[in-house]
Protein chains: 2
Amino acid sequence: MPTPDRTSLDEIVAAARELLELGDLTMQAVAERVGVQAPSLYKRVRSRDELVRMVADATLAELGLIEGDIYAVASAFRAFAHQRPAAFRLVMGGGVTASPHAIVAASQPILRAAGALAGAQNELVAARTFTAWANGFIAMELNSGFNLAGPVDDAWQYGLDRLVAAISAS
Amino acid sequence: MPTPDRTSLDEIVAAARELLELGDLTMQAVAERVGVQAPSLYKRVRSRDELVRMVADATLAELGLIEGDIYAVASAFRAFAHQRPAAFRLVMGGGVTASPHAIVAASQPILRAAGALAGAQNELVAARTFTAWANGFIAMELNSGFNLAGPVDDAWQYGLDRLVAAISAS
DNA sequence: ACCTGAACACCGTTCAAGT
DNA sequence: ACCTGAACACCGTTCAAGT
């Protein structure tokens with residue numbers, strides 16, 4: 001005699017994403033949010049690690065929706081990181097290997113914007129350089145790490161302008 | 001009647017640094033390495049979090065010893081990250097706030113190298129741009145994240161050359 | 001003063017038993 | 001087929017009792 005479903009994978013991942021930002025991504029907390037006991041989660045998720053990977057994939061999918069030129073992409077990227085710092089850290093530095101598909105999807109906006117600047121043959125390498133700088137800058141900023149004094153927004157603008165100049169096709 | 005010391009803070013931090021790279025930085029594992037029971041660690045360390053912060057500080061102190069021009073600093077930095085990926089992630093993305101003193105010490109090599117390129121008045125902002133790019137590049141590399149196909153070393157060299165050109169005083 | 005064993009709260013996970 | 005309570009191993013931390 002089947003019992004009716006009391007939750008779903010989507011609901012579980014959504015709860016996990018919220019709890020990640022609250023610094024409390026435990027199976028117990030997820031279970032409580034979706035109205036179920038912790039062991040029941042294992043009907044839909046193989047392990048906590050798999051759930052974390054799903055959160056990373058969902059985050060990357062969202063980043064893949066960004067549109068615009070390199071300035072638009074850069075500021076949307078940074079805004080996202082400020083709104084969801086834990087998710088940003090997860091996909092960025094967090095030692096979590098997201099699915100290849102999610103990684104490719106997330107790369108599209110930057111590839112397009114970088115290709116427009118650097119030309120098709122330098123698209124990939126330009127996108128990498130830009131992504132590395134943006135990710136690194138934001139990571140430092142979120143960490144308040146390498147906390148050299150001075151206005152952060154100016155440093156962002158300086159770096160962005162220099163990067164654009166350096167990457168643009170002669 | 002005092003018992004003789006069976007370990008020391010230095011030994012504990014050293015053990016923690018090794019275990020961090022092994023992905024097993026638990027109080028139990030540290031205690032076992034230094035030949036003591038886990039509760040005894042709390043005589044020298046307030047909490048596991050404090051121990052992790054000490055590991056971060058020790059890592060930053062080591063990075064502060066790097067010398068040379070921007071190419072030397074960049075490759076020493078990258079080599080360190082490859083040898084001690086977990087420590088790099090910790091100081092880079094890991095949501096751990098290292099002590100201000102350790103952060104300043106770690107920044108010196110890059111400030112010097114960037115200042116030589118960009119001139120004194122742009123030293124700070126140039127160092128930030130360079131550090132952001134290098135940190136971001138290495139983080140992506142360690143993650144095998146943003147895993148766009150192509151030779152990684154070429155992308156590193158391309159980015160480094162472009163960065164140097166972009167930062168150099170006209 | 002440092003060390004230990006016992007204990008506590010918490011966490012991820014398994015599993016038999018319910019419906 | 002999904003859900004639950006009970007249980008297990010593990011982890012960080014506290015504390016009274018030993019020397």
# chains A, B, ... in the order shown; residues from 1 in each chain; ligands from 1
call {"tool": "interface_residues", "arguments": {"of": "chain D", "to": "chain A", "cutoff": "9 Å", "atoms": "only C-alpha atoms (C1' of nucleotides)", "output": "number ranges by chain"}}
result
D: 1-4
call {"tool": "residues_around", "arguments": {"residues": "Glu11 in chain A", "least_positions_apart": "6", "cutoff": "10 Å", "atoms": "only C-alpha atoms (C1' of nucleotides)", "output": "list in words"}}
result
Arg17, Val30, Arg33 and Val34 of chain A
call {"tool": "write_last_selection", "arguments": {"atoms": "N, CA and C atoms", "output": "short mmCIF file (atom, residue, chain, number, x, y, z; two decimals), in the first residue's frame"}}
result
data_model
loop_
_atom_site.label_atom_id
_atom_site.label_comp_id
_atom_site.auth_asym_id
_atom_site.auth_seq_id
_atom_site.Cartn_x
_atom_site.Cartn_y
_atom_site.Cartn_z
N ARG A 17 19.29 24.74 -1.06
CA ARG A 17 19.90 26.00 -1.52
C ARG A 17 19.70 27.10 -0.49
N VAL A 30 17.23 20.02 6.22
CA VAL A 30 16.51 19.88 4.95
C VAL A 30 15.21 19.11 5.18
N ARG A 33 12.57 21.19 6.78
CA ARG A 33 11.99 22.18 5.85
C ARG A 33 10.96 21.58 4.93
N VAL A 34 11.21 20.37 4.47
CA VAL A 34 10.29 19.78 3.50
C VAL A 34 9.23 18.93 4.20
#
call {"tool": "closest_residue", "arguments": {"among": "A:Leu124, A:Val96, A:Ile103, A:Ala139", "to": "Leu51 in chain A", "atoms": "only C-alpha atoms"}}
result
A:Val96
call {"tool": "interface_residues", "arguments": {"of": "chain B", "to": "chain A", "cutoff": "9 Å", "atoms": "only C-alpha atoms", "output": "PyMOL selection string"}}
result
chain B and resi 86+89+91-98+100+103-104+106-107+124-126+128-140+142-150+154-156+158-160+162-163+165-167
call {"tool": "select_by_dssp", "arguments": {"residues": "chain A", "states": "alpha helix (DSSP H)", "output": "ChimeraX atom specification"}}
result
/A:9-21,27-34,48-63,70-83,85-92,100-118,123-142,152-167
call {"tool": "closest_atom_pairs", "arguments": {"of": "chain D", "to": "range 13-16 of chain C", "cutoff": "10 Å", "atoms": "only C-alpha atoms (C1' of nucleotides)", "output": "JSON lines"}}
result
{"residue": "D:DA6", "atom": "C1'", "partner": "C:DC15", "partner_atom": "C1'", "distance": 9.3}
{"residue": "D:DA7", "atom": "C1'", "partner": "C:DT14", "partner_atom": "C1'", "distance": 8.6}
{"residue": "D:DC8", "atom": "C1'", "partner": "C:DT14", "partner_atom": "C1'", "distance": 8.3}
{"residue": "D:DA9", "atom": "C1'", "partner": "C:DT13", "partner_atom": "C1'", "distance": 9.2}
call {"tool": "write_last_selection", "arguments": {"atoms": "C-alpha atoms (C1' of nucleotides)", "output": "compact mmCIF listing (two decimals), in the first residue's frame"}}
result
# COMPACT_ATOMS: atom_id res chain seq x y z
C1' DA D 6 15.56 3.04 16.41
C1' DA D 7 20.15 2.32 15.97
C1' DC D 8 25.21 2.91 14.58
C1' DA D 9 29.53 5.17 13.76
call {"tool": "residues_around", "arguments": {"residues": "DC11 in chain D", "least_positions_apart": "3", "cutoff": "12 Å", "atoms": "only C-alpha atoms (C1' of nucleotides)", "output": "JSON, numbers by chain"}}
result
{"B": [24, 25, 26, 27, 28, 29, 38, 48], "C": [8, 9, 10, 11, 12]}
